[in-house]
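Here's upload.txt, which has compact mmCIF, C-alpha atoms:
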# COMPACT_ATOMS: atom_id res chain seq x y z
CA MET A 19 0.35 -17.07 -16.36
CA ALA A 20 -1.44 -20.12 -15.03
CA SER A 21 -4.92 -19.72 -13.61
CA TYR A 22 -5.43 -20.29 -9.91
CA SER A 23 -5.80 -23.81 -8.56
CA SER A 24 -9.09 -24.51 -6.86
CA GLU A 25 -7.33 -24.54 -3.51
CA GLU A 26 -5.60 -21.21 -4.11
CA ARG A 27 -8.94 -19.72 -5.12
CA ALA A 28 -10.63 -21.29 -2.11
CA GLY A 29 -7.96 -19.71 0.09
CA VAL A 30 -8.87 -16.26 -1.18
CA TYR A 31 -12.58 -16.79 -0.61
CA ARG A 32 -11.93 -18.36 2.77
CA ALA A 33 -9.85 -15.44 4.04
CA ILE A 34 -12.51 -13.00 2.84
CA ARG A 35 -15.30 -15.01 4.51
CA GLU A 36 -13.47 -15.77 7.76
CA ARG A 37 -11.79 -12.40 8.35
CA ARG A 38 -13.02 -10.86 11.58
CA ASP A 39 -12.54 -7.62 13.43
CA VAL A 40 -10.55 -9.04 16.33
CA ARG A 41 -10.27 -7.15 19.62
CA SER A 42 -9.89 -9.90 22.19
CA GLY A 43 -8.30 -13.29 22.71
CA PHE A 44 -4.82 -12.16 21.70
CA SER A 45 -1.79 -14.20 22.60
CA PRO A 46 0.83 -12.00 24.32
CA ASP A 47 3.52 -13.46 22.03
CA ALA A 48 5.16 -11.00 19.65
CA LEU A 49 4.80 -11.71 15.95
CA PRO A 50 8.04 -12.98 14.42
CA GLN A 51 9.57 -10.07 12.52
CA GLU A 52 9.61 -12.07 9.29
CA LEU A 53 5.87 -12.67 9.52
CA LEU A 54 5.17 -9.04 10.40
CA LEU A 55 7.16 -7.86 7.39
CA ARG A 56 5.39 -10.36 5.13
CA LEU A 57 2.03 -8.97 6.25
CA LEU A 58 3.15 -5.36 5.81
CA ALA A 59 4.56 -6.21 2.39
CA SER A 60 1.09 -7.43 1.43
CA ALA A 61 -0.36 -4.12 2.52
CA HIS A 62 2.32 -2.35 0.47
CA GLN A 63 1.18 -4.26 -2.65
CA ALA A 64 -2.21 -2.54 -2.60
CA PRO A 65 -3.44 -0.52 -5.56
CA SER A 66 -2.85 3.22 -5.31
CA VAL A 67 -3.92 6.16 -7.37
CA GLY A 68 -1.11 7.13 -9.75
CA LEU A 69 1.07 4.50 -8.01
CA MET A 70 1.23 7.04 -5.19
CA GLN A 71 1.65 4.46 -2.39
CA PRO A 72 0.72 7.09 0.20
CA TRP A 73 0.35 4.64 3.12
CA ARG A 74 2.71 4.91 6.07
CA PHE A 75 2.68 2.26 8.80
CA VAL A 76 3.70 3.06 12.35
CA VAL A 77 4.36 -0.22 14.19
CA ILE A 78 3.88 0.25 17.93
CA GLN A 79 5.08 -2.13 20.61
CA SER A 80 5.87 0.34 23.39
CA ARG A 81 3.63 -0.17 26.40
CA ALA A 82 3.92 3.51 27.35
CA ILE A 83 2.62 4.66 23.96
CA ARG A 84 -0.17 2.10 23.97
CA GLU A 85 -1.27 3.28 27.41
CA LYS A 86 -1.55 6.83 26.11
CA VAL A 87 -3.67 5.66 23.18
CA PHE A 88 -5.77 3.56 25.54
CA ASP A 89 -6.53 6.69 27.58
CA ILE A 90 -7.62 8.44 24.39
CA PHE A 91 -9.90 5.51 23.61
CA GLN A 92 -11.44 5.59 27.08
CA ASP A 93 -12.29 9.28 26.79
CA ALA A 94 -13.84 8.86 23.36
CA SER A 95 -15.74 5.75 24.33
CA SER A 96 -17.25 7.27 27.43
CA GLN A 97 -18.41 10.18 25.24
CA GLU A 98 -19.89 7.82 22.67
CA HIS A 99 -21.55 5.74 25.39
CA LYS A 100 -23.50 8.82 26.47
CA THR A 101 -25.11 9.11 23.04
CA TYR A 102 -27.01 5.88 23.62
CA ALA A 103 -29.90 5.31 25.99
CA GLY A 104 -31.71 2.41 27.58
CA GLU A 105 -31.17 -1.06 26.19
CA ARG A 106 -28.71 0.12 23.55
CA ALA A 107 -26.55 1.89 26.13
CA GLU A 108 -26.46 -1.35 28.09
CA LEU A 109 -25.57 -3.29 24.94
CA TYR A 110 -22.80 -0.75 24.22
CA SER A 111 -21.16 -1.41 27.56
CA ARG A 112 -20.92 -5.09 26.67
CA LEU A 113 -19.11 -4.55 23.35
CA THR A 114 -15.38 -5.20 22.95
CA LEU A 115 -14.25 -2.08 21.15
CA GLN A 116 -10.46 -2.30 21.37
CA GLY A 117 -7.53 -4.55 22.27
CA ILE A 118 -4.90 -1.81 22.55
CA LEU A 119 -3.18 -3.18 25.65
CA THR A 120 -4.00 -6.88 25.33
CA ALA A 121 -2.61 -7.23 21.79
CA PRO A 122 1.20 -7.36 21.58
CA LEU A 123 1.23 -4.99 18.63
CA ASN A 124 -0.57 -1.83 17.58
CA LEU A 125 -0.46 -0.28 14.15
CA CYS A 126 -1.32 3.22 13.04
CA VAL A 127 -1.86 3.84 9.33
CA VAL A 128 -1.52 7.38 8.06
CA CYS A 129 -1.66 8.79 4.55
CA ASP A 130 0.92 11.13 3.07
CA ASP A 131 -1.73 13.10 1.27
CA GLU A 132 0.65 15.72 -0.10
CA SER A 133 3.27 13.36 -1.47
CA SER A 134 4.40 14.23 -4.98
CA GLN A 135 4.64 10.50 -5.68
CA GLY A 136 2.15 9.67 -8.46
CA HIS A 137 2.32 13.20 -9.89
CA SER A 138 -1.33 13.82 -8.88
CA LEU A 139 -2.64 11.41 -11.52
CA GLY A 140 -6.34 10.76 -10.90
CA ARG A 141 -6.42 13.13 -7.95
CA HIS A 142 -7.47 16.23 -9.83
CA THR A 143 -10.98 14.81 -9.88
CA MET A 144 -10.91 12.52 -6.84
CA PRO A 145 -8.37 13.71 -4.24
CA GLU A 146 -9.90 11.28 -1.73
CA THR A 147 -8.42 8.34 -3.67
CA ALA A 148 -5.11 8.81 -1.82
CA LEU A 149 -6.88 7.94 1.42
CA TYR A 150 -8.76 5.13 -0.30
CA SER A 151 -5.47 3.63 -1.46
CA ALA A 152 -4.36 3.42 2.18
CA VAL A 153 -7.64 1.69 3.05
CA CYS A 154 -7.05 -0.88 0.29
CA ALA A 155 -3.67 -1.56 1.91
CA ILE A 156 -5.40 -2.17 5.23
CA GLN A 157 -7.77 -4.70 3.69
CA ASN A 158 -4.82 -6.56 2.11
CA LEU A 159 -3.20 -6.71 5.53
CA TRP A 160 -6.41 -7.94 7.13
CA LEU A 161 -6.79 -10.84 4.72
CA ALA A 162 -3.14 -11.92 4.80
CA ALA A 163 -3.25 -11.75 8.60
CA ARG A 164 -6.35 -13.97 8.66
CA ALA A 165 -4.61 -16.59 6.53
CA GLU A 166 -1.71 -16.55 9.02
CA GLY A 167 -3.88 -16.87 12.12
CA VAL A 168 -3.22 -13.26 13.09
CA GLY A 169 -6.13 -11.18 14.34
CA LEU A 170 -6.51 -7.53 13.42
CA GLY A 171 -9.00 -5.12 14.95
CA TRP A 172 -9.86 -1.59 13.80
CA VAL A 173 -10.19 0.85 16.69
CA SER A 174 -12.18 3.84 15.44
CA ILE A 175 -13.34 5.27 18.77
CA LEU A 176 -10.43 7.67 19.19
CA ASP A 177 -9.76 11.38 18.99
CA THR A 178 -7.49 11.03 15.99
CA GLU A 179 -5.78 14.39 16.52
CA ARG A 180 -4.67 13.30 19.97
CA VAL A 181 -3.35 10.01 18.60
CA LYS A 182 -1.40 11.87 15.91
CA SER A 183 0.13 14.02 18.61
CA VAL A 184 1.17 10.99 20.72
CA LEU A 185 2.78 9.40 17.66
CA ASN A 186 4.48 12.63 16.44
CA VAL A 187 2.57 12.46 13.16
CA PRO A 188 3.00 15.76 11.27
CA PRO A 189 -0.21 17.76 10.79
CA ALA A 190 -0.15 17.36 6.99
CA MET A 191 -0.37 13.58 7.26
CA LYS A 192 -3.92 12.24 7.37
CA PHE A 193 -4.92 9.73 10.00
CA VAL A 194 -6.46 6.63 8.40
CA GLY A 195 -6.80 3.94 11.05
CA TYR A 196 -5.56 2.49 14.32
CA PHE A 197 -5.32 -1.25 14.85
CA CYS A 198 -4.56 -3.90 17.44
CA MET A 199 -2.88 -7.02 16.16
CA GLY A 200 -1.62 -10.38 17.38
CA PHE A 201 -1.96 -14.14 17.18
CA VAL A 202 -5.31 -15.53 18.23
CA GLU A 203 -6.35 -19.09 18.97
CA SER A 204 -9.59 -18.84 17.04
CA PHE A 205 -11.73 -16.49 15.00
CA ALA A 206 -15.42 -16.03 15.72
CA ALA A 207 -17.85 -17.67 13.31
CA GLU A 208 -19.83 -14.44 13.01
CA PRO A 209 -19.14 -10.74 13.61
CA GLU A 210 -19.40 -9.84 17.30
CA LEU A 211 -21.91 -7.09 16.55
CA GLU A 212 -24.18 -9.67 14.96
CA ARG A 213 -23.74 -12.17 17.78
CA VAL A 214 -24.61 -9.72 20.54
CA GLY A 215 -27.54 -8.26 18.61
CA TRP A 216 -26.15 -4.79 17.83
CA GLU A 217 -26.86 -5.12 14.12
CA ARG A 218 -27.82 -7.79 11.59
CA ARG A 219 -26.25 -8.61 8.27
CA LEU A 220 -27.97 -7.35 5.13
CA ARG A 221 -28.81 -9.71 2.30
CA LEU A 222 -26.69 -9.32 -0.81
CA GLU A 223 -29.75 -8.28 -2.87
CA ASP A 224 -30.27 -5.36 -0.51
CA VAL A 225 -27.04 -3.72 -1.60
CA LEU A 226 -27.25 -4.41 -5.36
CA ARG A 227 -28.78 -2.24 -8.08
CA SER A 228 -29.26 -2.80 -11.81
CA GLU A 229 -28.04 -0.18 -14.30
CA THR A 230 -29.07 2.80 -12.19
CA PHE A 231 -29.35 3.35 -8.45
CA ASP A 232 -33.13 3.47 -8.47
CA GLN A 233 -33.54 0.05 -10.07
CA PRO A 234 -33.43 -2.84 -7.61
CA TRP A 235 -31.36 -5.88 -8.40
CA GLY A 236 -33.34 -8.40 -10.40
CA ALA A 237 -35.42 -5.77 -12.16
CA LEU A 238 -33.45 -6.32 -15.34
CA GLN A 239 -32.17 -9.82 -14.69
CA PRO A 240 -33.57 -12.75 -16.68
CA MET B 24 -11.13 -24.04 13.17
CA ALA B 25 -8.28 -25.51 11.16
CA SER B 26 -5.40 -23.28 10.13
CA TYR B 27 -4.93 -22.56 6.45
CA SER B 28 -3.16 -25.06 4.22
CA SER B 29 0.00 -23.75 2.60
CA GLU B 30 -1.80 -23.66 -0.74
CA GLU B 31 -4.76 -21.69 0.63
CA ARG B 32 -2.35 -19.24 2.22
CA ALA B 33 -0.33 -19.04 -0.99
CA GLY B 34 -3.56 -18.24 -2.84
CA VAL B 35 -4.18 -15.23 -0.63
CA TYR B 36 -0.63 -13.92 -1.08
CA ARG B 37 -0.75 -14.64 -4.80
CA ALA B 38 -3.96 -12.70 -5.37
CA ILE B 39 -2.57 -9.76 -3.39
CA ARG B 40 0.70 -9.82 -5.35
CA GLU B 41 -0.80 -10.39 -8.80
CA ARG B 42 -3.81 -8.07 -8.57
CA ARG B 43 -3.60 -5.34 -11.17
CA ASP B 44 -5.55 -2.26 -12.11
CA VAL B 45 -6.91 -3.56 -15.41
CA ARG B 46 -8.20 -1.17 -18.05
CA SER B 47 -7.50 -3.00 -21.31
CA GLY B 48 -7.50 -6.46 -22.83
CA PHE B 49 -11.04 -7.28 -21.76
CA SER B 50 -12.94 -10.12 -23.36
CA PRO B 51 -16.34 -8.89 -24.56
CA ASP B 52 -18.00 -11.93 -22.96
CA ALA B 53 -20.38 -11.17 -20.11
CA LEU B 54 -19.51 -12.64 -16.74
CA PRO B 55 -21.77 -15.57 -15.82
CA GLN B 56 -24.29 -14.25 -13.31
CA GLU B 57 -23.26 -16.85 -10.74
CA LEU B 58 -19.64 -15.67 -10.89
CA LEU B 59 -20.64 -12.01 -10.71
CA LEU B 60 -22.76 -12.68 -7.62
CA ARG B 61 -19.94 -14.67 -6.01
CA LEU B 62 -17.59 -11.71 -6.49
CA LEU B 63 -20.14 -9.22 -5.18
CA ALA B 64 -20.83 -11.49 -2.20
CA SER B 65 -17.11 -11.28 -1.39
CA ALA B 66 -17.33 -7.52 -1.45
CA HIS B 67 -20.36 -7.72 0.82
CA GLN B 68 -18.32 -9.70 3.39
CA ALA B 69 -16.03 -6.74 4.02
CA PRO B 70 -15.60 -5.26 7.47
CA SER B 71 -17.78 -2.25 8.19
CA VAL B 72 -17.97 0.20 11.04
CA GLY B 73 -20.76 -0.83 13.41
CA LEU B 74 -21.68 -3.57 10.90
CA MET B 75 -23.12 -0.71 8.86
CA GLN B 76 -22.55 -2.35 5.46
CA PRO B 77 -23.01 1.01 3.73
CA TRP B 78 -21.79 -0.13 0.30
CA ARG B 79 -24.22 -0.12 -2.62
CA PHE B 80 -23.22 -1.65 -5.95
CA VAL B 81 -24.70 -0.44 -9.22
CA VAL B 82 -24.00 -3.05 -11.91
CA ILE B 83 -24.01 -1.43 -15.33
CA GLN B 84 -24.22 -3.28 -18.62
CA SER B 85 -26.18 -0.74 -20.67
CA ARG B 86 -24.15 0.61 -23.56
CA ALA B 87 -26.08 3.90 -23.50
CA ILE B 88 -25.19 4.53 -19.87
CA ARG B 89 -21.56 3.56 -20.36
CA GLU B 90 -21.32 5.98 -23.30
CA LYS B 91 -22.52 8.80 -21.07
CA VAL B 92 -19.93 7.91 -18.45
CA PHE B 93 -17.27 7.67 -21.15
CA ASP B 94 -18.09 11.24 -22.22
CA ILE B 95 -17.68 12.35 -18.61
CA PHE B 96 -14.29 10.62 -18.51
CA GLN B 97 -13.17 12.30 -21.73
CA ASP B 98 -13.99 15.75 -20.41
CA ALA B 99 -12.19 15.13 -17.13
CA SER B 100 -9.18 13.54 -18.76
CA SER B 101 -8.69 16.35 -21.25
CA GLN B 102 -8.77 18.77 -18.29
CA GLU B 103 -6.24 16.68 -16.38
CA HIS B 104 -4.03 16.35 -19.44
CA LYS B 105 -3.69 20.14 -19.54
CA THR B 106 -2.16 20.17 -16.05
CA TYR B 107 0.93 18.36 -17.36
CA ALA B 108 3.62 19.78 -19.61
CA GLY B 109 6.42 18.50 -21.80
CA GLU B 110 7.50 14.91 -21.44
CA ARG B 111 4.98 14.14 -18.74
CA ALA B 112 2.09 15.43 -20.89
CA GLU B 113 3.28 13.13 -23.65
CA LEU B 114 3.52 10.23 -21.20
CA TYR B 115 0.00 11.01 -19.98
CA SER B 116 -1.41 10.65 -23.47
CA ARG B 117 0.02 7.12 -23.64
CA LEU B 118 -1.63 5.91 -20.41
CA THR B 119 -4.67 3.64 -20.43
CA LEU B 120 -6.93 5.33 -17.93
CA GLN B 121 -10.24 3.55 -18.44
CA GLY B 122 -11.96 0.59 -20.09
CA ILE B 123 -15.53 1.87 -19.79
CA LEU B 124 -16.69 0.78 -23.24
CA THR B 125 -14.32 -2.13 -23.87
CA ALA B 126 -15.18 -4.00 -20.66
CA PRO B 127 -18.54 -5.81 -20.72
CA LEU B 128 -19.41 -4.59 -17.26
CA ASN B 129 -19.09 -1.37 -15.27
CA LEU B 130 -19.64 -1.02 -11.57
CA CYS B 131 -20.33 2.06 -9.52
CA VAL B 132 -19.87 1.82 -5.75
CA VAL B 133 -21.65 4.36 -3.59
CA CYS B 134 -21.90 4.69 0.16
CA ASP B 135 -25.14 5.18 2.06
CA ASP B 136 -23.52 7.54 4.49
CA GLU B 137 -26.72 8.38 6.34
CA SER B 138 -27.95 4.84 6.87
CA SER B 139 -29.12 4.14 10.40
CA GLN B 140 -27.66 0.65 10.05
CA GLY B 141 -24.89 0.27 12.65
CA HIS B 142 -26.48 2.83 14.99
CA SER B 143 -23.54 5.22 14.40
CA LEU B 144 -21.15 3.02 16.38
CA GLY B 145 -17.57 4.24 15.83
CA ARG B 146 -18.73 7.11 13.63
CA HIS B 147 -19.00 9.71 16.35
CA THR B 148 -15.22 10.00 16.25
CA MET B 149 -14.48 8.82 12.69
CA PRO B 150 -17.45 9.46 10.36
CA GLU B 151 -15.18 8.71 7.39
CA THR B 152 -15.11 5.03 8.35
CA ALA B 153 -18.40 4.50 6.50
CA LEU B 154 -16.63 5.38 3.26
CA TYR B 155 -13.61 3.33 4.29
CA SER B 156 -15.84 0.29 4.78
CA ALA B 157 -16.98 0.62 1.17
CA VAL B 158 -13.33 0.79 0.08
CA CYS B 159 -12.58 -2.43 2.00
CA ALA B 160 -15.42 -4.04 0.04
CA ILE B 161 -13.81 -2.90 -3.21
CA GLN B 162 -10.48 -4.47 -2.25
CA ASN B 163 -12.22 -7.77 -1.43
CA LEU B 164 -13.83 -7.68 -4.87
CA TRP B 165 -10.51 -6.91 -6.53
CA LEU B 166 -8.76 -9.89 -4.97
CA ALA B 167 -11.57 -12.38 -5.57
CA ALA B 168 -11.78 -11.16 -9.17
CA ARG B 169 -8.05 -11.71 -9.63
CA ALA B 170 -8.33 -15.29 -8.41
CA GLU B 171 -11.12 -15.85 -10.97
CA GLY B 172 -9.22 -14.33 -13.90
CA VAL B 173 -11.45 -11.26 -13.90
CA GLY B 174 -9.83 -7.86 -14.36
CA LEU B 175 -11.02 -4.81 -12.44
CA GLY B 176 -9.93 -1.24 -13.12
CA TRP B 177 -10.62 1.84 -10.99
CA VAL B 178 -11.55 4.87 -13.09
CA SER B 179 -10.98 7.97 -10.98
CA ILE B 180 -10.79 10.59 -13.71
CA LEU B 181 -14.48 11.50 -13.65
CA ASP B 182 -16.68 14.34 -12.50
CA THR B 183 -18.36 12.25 -9.84
CA GLU B 184 -21.38 14.54 -9.54
CA ARG B 185 -22.14 14.05 -13.23
CA VAL B 186 -21.81 10.27 -12.87
CA LYS B 187 -24.19 10.31 -9.91
CA SER B 188 -26.67 12.20 -12.03
CA VAL B 189 -26.44 9.73 -14.94
CA LEU B 190 -26.99 6.83 -12.52
CA ASN B 191 -29.83 8.53 -10.60
CA VAL B 192 -27.84 8.33 -7.38
CA PRO B 193 -29.55 10.46 -4.69
CA PRO B 194 -27.49 13.45 -3.49
CA ALA B 195 -27.16 12.06 0.06
CA MET B 196 -25.30 8.98 -1.21
CA LYS B 197 -21.55 9.41 -1.47
CA PHE B 198 -19.72 8.39 -4.60
CA VAL B 199 -16.89 5.96 -3.81
CA GLY B 200 -15.59 4.53 -7.06
CA TYR B 201 -16.27 3.62 -10.67
CA PHE B 202 -14.89 0.44 -12.20
CA CYS B 203 -14.59 -1.46 -15.46
CA MET B 204 -14.68 -5.22 -15.18
CA GLY B 205 -14.44 -8.32 -17.34
CA PHE B 206 -12.47 -11.45 -18.14
CA VAL B 207 -8.91 -10.90 -19.32
CA GLU B 208 -6.46 -13.32 -20.92
CA SER B 209 -3.56 -12.21 -18.78
CA PHE B 210 -2.51 -9.81 -16.05
CA ALA B 211 0.55 -7.61 -16.40
CA ALA B 212 3.60 -8.62 -14.37
CA GLU B 213 4.00 -5.06 -13.09
CA PRO B 214 1.72 -2.02 -12.72
CA GLU B 215 1.33 -0.14 -16.00
CA LEU B 216 2.44 3.12 -14.37
CA GLU B 217 5.71 1.45 -13.40
CA ARG B 218 6.21 -0.14 -16.83
CA VAL B 219 5.75 3.10 -18.75
CA GLY B 220 7.86 5.10 -16.31
CA TRP B 221 5.15 7.26 -14.71
CA GLU B 222 6.19 6.28 -11.20
CA ARG B 223 8.37 3.73 -9.43
CA ARG B 224 7.53 1.44 -6.55
CA LEU B 225 8.72 2.42 -3.09
CA ARG B 226 10.68 0.00 -0.95
CA LEU B 227 8.81 -1.42 2.02
CA GLU B 228 11.23 0.24 4.48
CA ASP B 229 10.28 3.62 3.02
CA VAL B 230 6.73 3.32 4.32
CA LEU B 231 7.46 1.81 7.75
CA ARG B 232 8.05 3.59 11.04
CA SER B 233 8.97 2.30 14.52
CA GLU B 234 6.89 3.35 17.54
CA THR B 235 6.38 6.94 16.37
CA PHE B 236 6.16 8.55 12.96
CA ASP B 237 9.52 10.28 13.24
CA GLN B 238 11.47 7.09 13.88
CA PRO B 239 12.46 5.23 10.73
CA TRP B 240 12.01 1.50 10.54
CA GLY B 241 14.96 -0.33 11.92
CA ALA B 242 15.83 2.36 14.44
CA LEU B 243 14.52 0.17 17.22
CA GLN B 244 14.84 -3.21 15.57
CA PRO B 245 17.47 -5.68 16.81

Structure translated into structure tokens:
Amino acid sequence: MASYSSEERAGVYRAIRERRDVRSGFSPDALPQELLLRLLASAHQAPSVGLMQPWRFVVIQSRAIREKVFDIFQDASSQEHKTYAGERAELYSRLTLQGILTAPLNLCVVCDDESSQGHSLGRHTMPETALYSAVCAIQNLWLAARAEGVGLGWVSILDTERVKSVLNVPPAMKFVGYFCMGFVESFAAEPELERVGWERRLRLEDVLRSETFDQPWGALQP
Amino acid sequence: MASYSSEERAGVYRAIRERRDVRSGFSPDALPQELLLRLLASAHQAPSVGLMQPWRFVVIQSRAIREKVFDIFQDASSQEHKTYAGERAELYSRLTLQGILTAPLNLCVVCDDESSQGHSLGRHTMPETALYSAVCAIQNLWLAARAEGVGLGWVSILDTERVKSVLNVPPAMKFVGYFCMGFVESFAAEPELERVGWERRLRLEDVLRSETFDQPWGALQP
């Protein structure tokens, strides 16, 4: 198997670097079905514990369903807003936290946590790896979408039980994430939360440790 | 911002398609530090709720530490083995479930779940998104590693509390995953679990739904 050309490799790094959480600027145009299936196929190629493949993707175009989810967002967001005070509350009101109605497509990812697929391999010790497999699928989708000029935004300010009810998701299925998705003209150079001053990016050294958690990076490096 | 060249885009799809869970065939050679940092920087570019960046990476080269983790794996795996009977128990004993000592590098990813970074944005409703952010970072790492000819394997058959103790990880930090990592000569064409007959891959249609969970894919498609 040939190694990757420098341009193929650069493509991988570029998608990782330029991926953004996109919640505005969507084109109203629907994604061509072929493109949508190519993106979902990339998600479906994610790693999964025991080859369990527990991810299930609900593709939502219906305006009526999206309006119900939008209402759920508004309730949750007005609750969250109240937890902030002063300058940060003001900053909160300026954030773009969803694109449920402006994106042509929504996606709900749930995890079939009780599937017998995979025969429980690896889940005796770490049952949470079923959910993690579904999250790996989401990240695949995010990167493939970026390379195709498709924006994807994770909407986490939702009462997930209410969303499950709107989408007829059985109780045993675990909610993983809700997304808005569509073509965008451009992707921001930096995360919105950084741009508006909500939070800054950490340096790489800040998140690295050597050998054990209590040893900072560099302690053992030459 | 220019759109992606067909080769850049192909690189993204290729890494997603050819990524494997690698637990054998490692070269004993250490990864050059520059390459290791490039891969970890890709992980650090993952999306995170509220720009929380809760991932923490413990890079482990020490043989003594890896031997302790290997012991923890052996205990957990012999427990798991006992849950299978007959043909499947025999199949289990043929699986390669870790490369802790044969890979030159191990990596433990933990999540600083109580970090004030991100100011709790999005976590009032979905506190689990901190952990999910760390999983997105892992998938970034996996894909960048694939493009560089570096194999990564997720070892989930571990008593995670014991691993935390060996690595001096404070109780408040959440264990996310443990990995073996190193150069490999080649990547398998198919997942090992598929090759040996542990599990088969699902078709894409099997994991897709239209509009609501109870409507199969295609029900509403033209």

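Residue neighbourhood of Ser156 (chain B), excluding near-sequence residues (fewer than 6 positions): Val153 of chain A; Ala69, Pro70, Ser71, Val72, Met75, Gln76, Pro77, Trp78 and Cys134 of chain B, at 9 Å, using only C-alpha atoms.
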
Contact check, chain B to chain A, at most 6 Å, counting all atoms listed in the file, closest pairs as CSV:
residue,atom,partner,partner_atom,distance
B:Tyr27,CA,A:Ala165,CA,6.0
B:Glu30,CA,A:Glu26,CA,5.6
B:Glu31,CA,A:Gly29,CA,3.8
B:Arg32,CA,A:Ala165,CA,5.5
B:Gly34,CA,A:Glu26,CA,3.8
B:Val35,CA,A:Val30,CA,4.8
B:Arg79,CA,A:Val225,CA,4.7
B:Phe80,CA,A:Leu226,CA,4.9
B:Val81,CA,A:Arg227,CA,4.6
B:Val82,CA,A:Ser228,CA,5.3
B:Ile83,CA,A:Glu229,CA,4.3
B:Gly141,CA,A:Glu217,CA,5.9
B:Gly145,CA,A:Ile175,CA,5.3
B:Thr148,CA,A:Ile175,CA,5.7
B:Cys159,CA,A:Gln157,CA,5.6
B:Gln162,CA,A:Cys154,CA,5.6
B:Ala170,CA,A:Arg27,CA,5.6
B:Ser179,CA,A:Gly140,CA,5.4
B:Ile180,CA,A:Gly140,CA,5.3
B:Leu190,CA,A:Thr230,CA,4.5
B:Asn191,CA,A:Phe231,CA,5.6
B:Val192,CA,A:Phe231,CA,5.3
B:Glu222,CA,A:Gly136,CA,5.9
B:Val230,CA,A:Arg74,CA,4.7
B:Leu231,CA,A:Phe75,CA,4.9
B:Arg232,CA,A:Val76,CA,4.6
B:Ser233,CA,A:Val77,CA,5.3
B:Glu234,CA,A:Ile78,CA,4.3
B:Thr235,CA,A:Leu185,CA,4.5
B:Phe236,CA,A:Val187,CA,5.3

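One finds CA of Tyr196 (chain A) at 8.9 Å from CA of Val181 (chain A).
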
> Neighbours of Gly200 (chain A) within 10 Å (all atoms listed in the file; same-chain residues fewer than 3 positions away dropped), as number ranges by chain?
Replying inline: A: 40-49, 54, 117, 120-124, 163, 167-171

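For the pair CA of Val92 (chain B) and CA of Ala112 (chain B), the separation is 23.4 Å.
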
Got a minute to add N, CA and C atoms to region 187-199 of chain A and dump it as an mmCIF file, in the frame of the given file?
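Saved file part-v7.cif follows:
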data_model
loop_
_atom_site.group_PDB
_atom_site.id
_atom_site.type_symbol
_atom_site.label_atom_id
_atom_site.label_comp_id
_atom_site.auth_asym_id
_atom_site.auth_seq_id
_atom_site.Cartn_x
_atom_site.Cartn_y
_atom_site.Cartn_z
ATOM 1 N N VAL A 187 2.934 12.443 14.578
ATOM 2 C CA VAL A 187 2.570 12.460 13.160
ATOM 3 C C VAL A 187 2.398 13.922 12.733
ATOM 4 N N PRO A 188 3.111 14.352 11.699
ATOM 5 C CA PRO A 188 3.000 15.760 11.270
ATOM 6 C C PRO A 188 1.555 16.105 10.872
ATOM 7 N N PRO A 189 1.161 17.346 11.086
ATOM 8 C CA PRO A 189 -0.210 17.760 10.790
ATOM 9 C C PRO A 189 -0.653 17.445 9.353
ATOM 10 N N ALA A 190 0.251 17.552 8.391
ATOM 11 C CA ALA A 190 -0.150 17.360 6.990
ATOM 12 C C ALA A 190 -0.499 15.906 6.665
ATOM 13 N N MET A 191 -0.044 14.985 7.492
ATOM 14 C CA MET A 191 -0.370 13.580 7.260
ATOM 15 C C MET A 191 -1.802 13.313 7.736
ATOM 16 N N LYS A 192 -2.555 12.545 6.960
ATOM 17 C CA LYS A 192 -3.920 12.240 7.370
ATOM 18 C C LYS A 192 -3.992 10.913 8.115
ATOM 19 N N PHE A 193 -4.681 10.940 9.227
ATOM 20 C CA PHE A 193 -4.920 9.730 10.000
ATOM 21 C C PHE A 193 -5.872 8.826 9.223
ATOM 22 N N VAL A 194 -5.548 7.552 9.097
ATOM 23 C CA VAL A 194 -6.460 6.630 8.400
ATOM 24 C C VAL A 194 -7.061 5.623 9.384
ATOM 25 N N GLY A 195 -6.229 4.938 10.151
ATOM 26 C CA GLY A 195 -6.800 3.940 11.050
ATOM 27 C C GLY A 195 -5.822 3.502 12.116
ATOM 28 N N TYR A 196 -6.373 3.003 13.214
ATOM 29 C CA TYR A 196 -5.560 2.490 14.320
ATOM 30 C C TYR A 196 -6.001 1.050 14.605
ATOM 31 N N PHE A 197 -5.028 0.173 14.797
ATOM 32 C CA PHE A 197 -5.320 -1.250 14.850
ATOM 33 C C PHE A 197 -4.607 -1.948 16.003
ATOM 34 N N CYS A 198 -5.240 -2.990 16.524
ATOM 35 C CA CYS A 198 -4.560 -3.900 17.440
ATOM 36 C C CYS A 198 -4.365 -5.220 16.693
ATOM 37 N N MET A 199 -3.310 -5.921 17.025
ATOM 38 C CA MET A 199 -2.880 -7.020 16.160
ATOM 39 C C MET A 199 -2.094 -8.052 16.955
#
